[in-house]
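Note sheet for the following structure.
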4 protein chains.
Amino acid sequence: MTLPPPEPGFEDRIRDSFERQRAMETIGARLVHVGADEVVIELPFRDDLTQQHGFLHAGIVTSVLDSAAGFAAYTRMPADAGVLSIEFKVNLLAPARGERLRVVGRTVRAGRTISVVAADAFAVQDGAETHVATLVGTMMTVRGREGISG
Amino acid sequence: MTLPPPEPGFEDRIRDSFERQRAMETIGARLVHVGADEVVIELPFRDDLTQQHGFLHAGIVTSVLDSAAGFAAYTRMPADAGVLSIEFKVNLLAPARGERLRVVGRTVRAGRTISVVAADAFAVQDGAETHVATLVGTMMTVRGREGISG
Amino acid sequence: MTLPPPEPGFEDRIRDSFERQRAMETIGARLVHVGADEVVIELPFRDDLTQQHGFLHAGIVTSVLDSAAGFAAYTRMPADAGVLSIEFKVNLLAPARGERLRVVGRTVRAGRTISVVAADAFAVQDGAETHVATLVGTMMTVRGREGISG
Amino acid sequence: MTLPPPEPGFEDRIRDSFERQRAMETIGARLVHVGADEVVIELPFRDDLTQQHGFLHAGIVTSVLDSAAGFAAYTRMPADAGVLSIEFKVNLLAPARGERLRVVGRTVRAGRTISVVAADAFAVQDGAETHVATLVGTMMTVRGREGISG
């Protein structure tokens with residue numbers, strides 16, 4: 001990892017971008033920590049986000065994993081760049097149930113154009129955590145609008 | 001694929017299970033087709049499901065891909081079984097924008113315990129379709145409650 | 001897909017590059033077809049390429065899937081570019097055994113920097129084919145040496 | 001993880017199975033460590049295992065990642081069981097070049113039927129290590145021959 005450290009003010013940039021992710025607001029996710037190469041998002045459990053067995057839907061869990069991982073990569077990107085998900089894979093480890101989901105995203109390798117990221121989701125219940133899902137994915141740095149459409 | 005064809009009444013079983021996926025109702029997804037090994041779900045575009053660039057959030061797209069793929073596998077499962085996502089990988093091909101998302105899930109290989117599934121998402125705008133995402137994943141047949149927790 | 005068609009002479013370019021893949025020679029793989037966005041490679045079964053149950057090792061199967069998929073993307077790249085695998089995911093569908101493996105790689109979406117590819121492996125025995133593995137992956141176009149190290 | 005610890009003699013079981021993986025012998029891989037939930041395999045660099053740029057072929061790297069990850073899961077399986085790869089995803093982080101590859105496989109979640117595994121590959125050169133690839137995958141416990149064909 002030869003990239004420079006995050007540019008000053010990166011925390012505000014992440015918070016601004018998070019607030020523009022309307023989907024995060026809709027599902028009730030909250031940005032609880034922003035550090036260099038690491039972002040934590042929490043999602044309180046809600047009955048209207050479940051699948052047929054009453055657990056959080058895997059796609060909802062993925063929404064938070066993807067956002068946490070993408071923003072972790074974004075902490076190292078230039079201030080005028082945007083971040084786009086290229087691909088991700090999620091392994092579901094245990095049912096996502098409890099009081100809330102805590103999701104930790106981090107940068108595995110920060111590159112100029114392509115970054116590799118990871119994120120882990122933990123179900124929190126009575127102060128205990130269960131590892132319920134893990135993501136590994138690829139994020140792309142897009143400058144201006146050039147890369148948005150590929 | 002040596003599995004028997006879907007059990008009679010499988011369409012109703014899929015529709016019942018879809019209706020119990022509260023997350024699908026919350027995001028406004030509709031089940032529009034159920035066939036043997038194939039399920040189609042549509043999601044009208046909504047501003048409150050977007051990421052920071054105004055496109056549908058990759059996690060929301062994944063929610064529909066996962067449901068369509070899982071239900072496609074479910075069409076071939078015994079009537080007393082449930083279906084659980086083990087893992088999936090999604091490649092994002094183009095921004096998910098337009099009037100609505102059309103998602104086609106299908107079974108690639110139907111096994112007794114493990115099924116491999118795929119799903120493709122198309123953005124529909126003015127009657128034209130753009131391929132925006134593709135999923136390949138693994139689904140598990142769970143009998144009774146035994147497999148729900150792993 | 002708004003990329004131009006393959007540049008003249010692309011078949012020779014693929015064949016040259018395939019011959020420089022020493023690993024393909026070592027395992028005995030043969031390039032049997034090159035078309036726009038599609039490459040076919042065959043691997044005769046060999047006992048010294050197996051895992052503990054006597055089937056072809058999943059990593060060997062992946063070697064051929066990756067090469068077929070990468071070269072499919074390479075057919076659409078500029079003559080002075082190189083192709084690098086960013087990531088791939090492989091689902092194993094059935095044991096890889098038989099007389100030979102036939103692997104078909106194709107381009108799903110050809111982009112300027114990033115291409116999405118797929119490949120399928122079929123075990124051939126007595127003229128019948130069994131679908132044994134499927135890959136979806138991401139390839140990167142690298143110009144000069146700039147992108148080789150990321 | 002509620003599974004019992006590895007059964008006595010698990011190290012010998014792993015070593016026996018590794019020796020039956022003819023592909024590992026063919027590429028020159030060596031089993032260098034077996035512990036509960038962790039297996040380390042090394043692969044000396046060889047020119048005949050490269051892709052077109054002279055780096056180790058991604059499929060060869062994957063072969064070692066898959067074996068290390070699969071054997072890590074196998075340490076926790078019953079003595080009469082076998083292990084099969086269901087799927088894996090590999091992200092390539094940097095060119096695989098150097099004196100040798102060191103690959104560490106580990107169990108992320110050990111389940112009765114399905115285990116989730118991870119593996120990381122490091123290129124070793126002059127005593128320094130570079131993280132070159134990471135795998136996350138799913139392994140299946142097969143009893144007798146029942147599961148071998150799905």
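Just so we're on the same page: first chain in the structure tokens is A, next is B, and so on; residues restart at 1 for each chain, and ligands are numbered from 1 in the order they show up.
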
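For chain D, the residues within 8 Å of chain B are Gly111, Arg112, Thr113, Ile114 and Gly150 of chain D, with only C-alpha atoms used to measure distance.
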
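The residues of stretch 75-107 of chain D that DSSP assigns to strand (DSSP E or B) on this backbone come out as Ala81, Gly82, Val83, Leu84, Ser85, Ile86, Glu87, Phe88, Lys89, Val90, Asn91, Leu92, Arg100, Leu101, Arg102, Val103, Val104, Gly105, Arg106 and Thr107 of chain D.
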
Based on the selection just made, write N, CA and C atoms of those residues as a CSV table (one decimal), in the first residue's frame.
chain,number,residue,atom,x,y,z
D,81,ALA,N,-15.0,-38.5,7.2
D,81,ALA,CA,-15.6,-37.6,6.2
D,81,ALA,C,-14.5,-37.2,5.1
D,82,GLY,N,-15.0,-36.6,4.1
D,82,GLY,CA,-14.2,-36.0,3.1
D,82,GLY,C,-14.6,-34.5,2.9
D,83,VAL,N,-13.8,-33.7,2.3
D,83,VAL,CA,-14.1,-32.3,2.1
D,83,VAL,C,-14.1,-32.0,0.6
D,84,LEU,N,-15.1,-31.2,0.2
D,84,LEU,CA,-15.3,-30.8,-1.2
D,84,LEU,C,-15.4,-29.3,-1.2
D,85,SER,N,-14.8,-28.7,-2.2
D,85,SER,CA,-15.0,-27.2,-2.5
D,85,SER,C,-16.3,-27.0,-3.1
D,86,ILE,N,-17.2,-26.1,-2.6
D,86,ILE,CA,-18.4,-25.8,-3.2
D,86,ILE,C,-18.2,-24.6,-4.1
D,87,GLU,N,-17.5,-23.6,-3.6
D,87,GLU,CA,-17.3,-22.4,-4.3
D,87,GLU,C,-16.1,-21.6,-3.6
D,88,PHE,N,-15.5,-20.7,-4.4
D,88,PHE,CA,-14.6,-19.8,-3.8
D,88,PHE,C,-14.4,-18.6,-4.7
D,89,LYS,N,-14.0,-17.5,-4.0
D,89,LYS,CA,-13.8,-16.3,-4.8
D,89,LYS,C,-12.4,-15.8,-4.4
D,90,VAL,N,-11.6,-15.4,-5.4
D,90,VAL,CA,-10.3,-14.9,-5.2
D,90,VAL,C,-10.1,-13.5,-5.7
D,91,ASN,N,-9.6,-12.6,-4.9
D,91,ASN,CA,-9.2,-11.3,-5.3
D,91,ASN,C,-7.6,-11.3,-5.4
D,92,LEU,N,-7.2,-10.8,-6.6
D,92,LEU,CA,-5.7,-10.7,-6.8
D,92,LEU,C,-5.3,-9.3,-6.4
D,100,ARG,N,9.1,-17.6,-3.5
D,100,ARG,CA,8.1,-18.6,-3.2
D,100,ARG,C,6.8,-18.0,-2.7
D,101,LEU,N,5.7,-18.7,-2.8
D,101,LEU,CA,4.4,-18.3,-2.3
D,101,LEU,C,4.2,-19.0,-0.9
D,102,ARG,N,3.7,-18.2,0.0
D,102,ARG,CA,3.3,-18.8,1.3
D,102,ARG,C,1.8,-18.6,1.5
D,103,VAL,N,1.1,-19.6,1.7
D,103,VAL,CA,-0.4,-19.6,1.7
D,103,VAL,C,-0.9,-20.1,3.0
D,104,VAL,N,-1.7,-19.3,3.7
D,104,VAL,CA,-2.2,-19.6,5.0
D,104,VAL,C,-3.8,-19.8,4.8
D,105,GLY,N,-4.3,-21.0,5.1
D,105,GLY,CA,-5.7,-21.2,5.1
D,105,GLY,C,-6.2,-21.3,6.5
D,106,ARG,N,-7.5,-20.9,6.7
D,106,ARG,CA,-8.1,-20.9,8.0
D,106,ARG,C,-9.6,-21.1,7.9
D,107,THR,N,-10.2,-21.6,9.0
D,107,THR,CA,-11.6,-21.7,9.1
D,107,THR,C,-12.2,-20.5,9.6

For D:Asp120, which residue out of D:Ala68, D:Met77, D:Met139, D:Ile60 is the nearest one, using only C-alpha atoms? D:Ala68

Separation of atom CA of A:Val117 and atom CA of A:Ala36, in Å? 12.9 Å

How would chain B read as a CSV table (one decimal) with C-alpha atoms, in the first residue's frame once least-squares superposed on chain D using all paired C-alpha atoms?
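Result went into out.csv, see below:
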chain,number,residue,atom,x,y,z
B,1,MET,CA,-18.5,-22.2,16.4
B,2,THR,CA,-20.0,-25.0,18.5
B,3,LEU,CA,-18.2,-27.9,16.7
B,4,PRO,CA,-15.9,-30.0,18.9
B,5,PRO,CA,-12.1,-29.6,18.6
B,6,PRO,CA,-10.3,-31.6,15.9
B,7,GLU,CA,-10.3,-35.4,16.4
B,8,PRO,CA,-6.9,-36.9,17.6
B,9,GLY,CA,-4.6,-37.6,14.7
B,10,PHE,CA,-6.1,-34.9,12.5
B,11,GLU,CA,-2.6,-33.8,11.4
B,12,ASP,CA,-1.8,-37.2,9.9
B,13,ARG,CA,-5.2,-37.2,8.2
B,14,ILE,CA,-4.5,-33.9,6.6
B,15,ARG,CA,-1.0,-35.0,5.5
B,16,ASP,CA,-2.3,-38.2,4.0
B,17,SER,CA,-5.0,-36.3,2.1
B,18,PHE,CA,-2.5,-33.7,0.9
B,19,GLU,CA,-0.2,-36.4,-0.5
B,20,ARG,CA,-3.2,-37.8,-2.5
B,21,GLN,CA,-3.6,-34.4,-4.2
B,22,ARG,CA,-1.5,-35.2,-7.2
B,23,ALA,CA,-1.9,-31.6,-8.5
B,24,MET,CA,0.0,-30.3,-5.4
B,25,GLU,CA,2.9,-32.6,-6.2
B,26,THR,CA,2.9,-31.6,-9.9
B,27,ILE,CA,3.2,-27.9,-9.1
B,28,GLY,CA,5.7,-28.5,-6.3
B,29,ALA,CA,3.6,-27.4,-3.3
B,30,ARG,CA,4.7,-28.5,0.2
B,31,LEU,CA,2.5,-28.8,3.3
B,32,VAL,CA,4.5,-26.9,5.9
B,33,HIS,CA,2.1,-26.5,8.9
B,34,VAL,CA,-1.1,-28.2,10.1
B,35,GLY,CA,-2.9,-26.8,13.2
B,36,ALA,CA,-6.5,-26.7,14.3
B,37,ASP,CA,-8.4,-24.6,11.8
B,38,GLU,CA,-5.1,-23.5,10.1
B,39,VAL,CA,-3.0,-25.0,7.3
B,40,VAL,CA,0.1,-23.5,5.6
B,41,ILE,CA,1.3,-24.6,2.2
B,42,GLU,CA,4.3,-23.2,0.3
B,43,LEU,CA,5.0,-23.1,-3.4
B,44,PRO,CA,8.5,-22.4,-4.7
B,45,PHE,CA,8.3,-20.1,-7.8
B,46,ARG,CA,8.8,-22.0,-11.0
B,47,ASP,CA,8.9,-20.5,-14.6
B,48,ASP,CA,6.7,-23.2,-15.9
B,49,LEU,CA,3.7,-22.1,-13.7
B,50,THR,CA,3.5,-18.5,-15.0
B,51,GLN,CA,1.1,-16.5,-17.1
B,52,GLN,CA,2.0,-14.2,-20.0
B,53,HIS,CA,3.8,-11.5,-17.9
B,54,GLY,CA,6.0,-14.0,-16.0
B,55,PHE,CA,4.0,-14.0,-12.7
B,56,LEU,CA,2.5,-17.1,-11.2
B,57,HIS,CA,-0.7,-17.9,-13.0
B,58,ALA,CA,-3.8,-16.8,-11.0
B,59,GLY,CA,-5.2,-20.4,-11.3
B,60,ILE,CA,-2.0,-21.9,-9.8
B,61,VAL,CA,-2.2,-19.4,-6.9
B,62,THR,CA,-5.8,-20.4,-6.6
B,63,SER,CA,-4.9,-24.1,-6.5
B,64,VAL,CA,-2.8,-23.5,-3.4
B,65,LEU,CA,-5.3,-21.1,-1.8
B,66,ASP,CA,-8.1,-23.7,-2.3
B,67,SER,CA,-6.1,-26.6,-0.9
B,68,ALA,CA,-4.9,-24.6,2.2
B,69,ALA,CA,-8.5,-23.4,2.9
B,70,GLY,CA,-10.0,-26.8,2.3
B,71,PHE,CA,-7.6,-28.6,4.6
B,72,ALA,CA,-8.1,-26.0,7.3
B,73,ALA,CA,-11.8,-26.9,7.2
B,74,TYR,CA,-10.9,-30.6,7.1
B,75,THR,CA,-9.1,-30.4,10.4
B,76,ARG,CA,-12.5,-30.0,12.1
B,77,MET,CA,-14.3,-32.7,10.2
B,78,PRO,CA,-15.0,-36.3,11.4
B,79,ALA,CA,-12.3,-38.8,10.6
B,80,ASP,CA,-14.5,-40.7,8.1
B,81,ALA,CA,-15.6,-37.6,6.2
B,82,GLY,CA,-14.2,-36.0,3.1
B,83,VAL,CA,-14.1,-32.3,2.1
B,84,LEU,CA,-15.3,-30.8,-1.1
B,85,SER,CA,-15.0,-27.2,-2.5
B,86,ILE,CA,-18.4,-25.8,-3.2
B,87,GLU,CA,-17.3,-22.4,-4.3
B,88,PHE,CA,-14.6,-19.8,-3.8
B,89,LYS,CA,-13.8,-16.3,-4.8
B,90,VAL,CA,-10.3,-14.9,-5.2
B,91,ASN,CA,-9.2,-11.3,-5.3
B,92,LEU,CA,-5.7,-10.7,-6.8
B,93,LEU,CA,-3.9,-7.9,-4.9
B,94,ALA,CA,-0.5,-7.8,-6.5
B,95,PRO,CA,1.6,-9.8,-9.0
B,96,ALA,CA,2.6,-13.2,-7.7
B,97,ARG,CA,6.4,-13.2,-8.1
B,98,GLY,CA,9.4,-13.8,-5.8
B,99,GLU,CA,11.1,-16.9,-4.4
B,100,ARG,CA,8.1,-18.6,-3.2
B,101,LEU,CA,4.4,-18.3,-2.3
B,102,ARG,CA,3.3,-18.8,1.3
B,103,VAL,CA,-0.4,-19.6,1.7
B,104,VAL,CA,-2.3,-19.6,5.0
B,105,GLY,CA,-5.7,-21.2,5.1
B,106,ARG,CA,-8.1,-20.9,8.0
B,107,THR,CA,-11.6,-21.8,9.1
B,108,VAL,CA,-14.0,-18.8,9.4
B,109,ARG,CA,-17.0,-20.8,10.5
B,110,ALA,CA,-17.0,-24.6,11.0
B,111,GLY,CA,-20.5,-26.0,10.4
B,112,ARG,CA,-21.8,-29.6,10.4
B,113,THR,CA,-22.4,-29.6,6.7
B,114,ILE,CA,-21.1,-26.3,5.4
B,115,SER,CA,-17.9,-24.5,6.5
B,116,VAL,CA,-16.7,-21.1,5.5
B,117,VAL,CA,-13.0,-20.7,4.9
B,118,ALA,CA,-10.5,-18.1,4.0
B,119,ALA,CA,-6.9,-18.1,2.7
B,120,ASP,CA,-4.2,-15.6,2.0
B,121,ALA,CA,-1.2,-15.8,-0.3
B,122,PHE,CA,2.0,-14.0,0.3
B,123,ALA,CA,4.9,-13.7,-2.1
B,124,VAL,CA,8.2,-14.1,-0.3
B,125,GLN,CA,11.3,-12.3,-1.6
B,126,ASP,CA,14.5,-11.6,0.4
B,127,GLY,CA,12.7,-12.2,3.6
B,128,ALA,CA,9.9,-9.7,2.8
B,129,GLU,CA,6.3,-10.7,2.3
B,130,THR,CA,3.8,-9.1,-0.1
B,131,HIS,CA,0.1,-10.0,0.2
B,132,VAL,CA,-0.8,-11.1,-3.3
B,133,ALA,CA,-4.2,-12.8,-3.1
B,134,THR,CA,-7.1,-13.6,-0.8
B,135,LEU,CA,-9.7,-16.2,-1.0
B,136,VAL,CA,-13.1,-16.7,0.8
B,137,GLY,CA,-14.9,-19.9,0.0
B,138,THR,CA,-17.4,-22.6,1.1
B,139,MET,CA,-16.4,-26.2,1.9
B,140,MET,CA,-18.8,-29.2,2.3
B,141,THR,CA,-18.4,-32.1,4.6
B,142,VAL,CA,-19.1,-35.3,2.7
B,143,ARG,CA,-19.7,-38.6,4.5
B,144,GLY,CA,-19.0,-41.8,2.6
B,145,ARG,CA,-19.4,-41.2,-1.1
B,146,GLU,CA,-22.9,-39.7,-0.8
B,147,GLY,CA,-22.0,-36.1,-1.3
B,148,ILE,CA,-19.2,-36.4,-3.8
B,149,SER,CA,-21.5,-36.0,-6.7
B,150,GLY,CA,-23.7,-33.4,-5.1

Could you give me, as a ChimeraX atom specification, each residue of stretch 45-112 of chain A that DSSP assigns to alpha helix (DSSP H) when run on this structure's backbone? /A:58-74

Produce a file of the selected residues containing C-alpha atoms, as a PDB file, in the first residue's frame.
ATOM      1  CA  ALA A  58     -29.438 -10.969   3.136  1.00  0.00           C
ATOM      2  CA  GLY A  59     -29.752  -8.085   0.688  1.00  0.00           C
ATOM      3  CA  ILE A  60     -30.310  -5.609   3.518  1.00  0.00           C
ATOM      4  CA  VAL A  61     -27.270  -6.998   5.333  1.00  0.00           C
ATOM      5  CA  THR A  62     -25.374  -6.640   2.057  1.00  0.00           C
ATOM      6  CA  SER A  63     -26.495  -3.017   1.694  1.00  0.00           C
ATOM      7  CA  VAL A  64     -24.752  -2.147   4.947  1.00  0.00           C
ATOM      8  CA  LEU A  65     -21.687  -4.308   4.191  1.00  0.00           C
ATOM      9  CA  ASP A  66     -21.299  -2.655   0.780  1.00  0.00           C
ATOM     10  CA  SER A  67     -21.645   0.866   2.168  1.00  0.00           C
ATOM     11  CA  ALA A  68     -19.196   0.264   5.025  1.00  0.00           C
ATOM     12  CA  ALA A  69     -16.644  -1.315   2.678  1.00  0.00           C
ATOM     13  CA  GLY A  70     -17.050   1.343  -0.004  1.00  0.00           C
ATOM     14  CA  PHE A  71     -16.649   4.208   2.440  1.00  0.00           C
ATOM     15  CA  ALA A  72     -13.564   2.547   3.938  1.00  0.00           C
ATOM     16  CA  ALA A  73     -11.964   2.653   0.484  1.00  0.00           C
ATOM     17  CA  TYR A  74     -13.275   6.173  -0.014  1.00  0.00           C
TER      18      TYR A  74
END
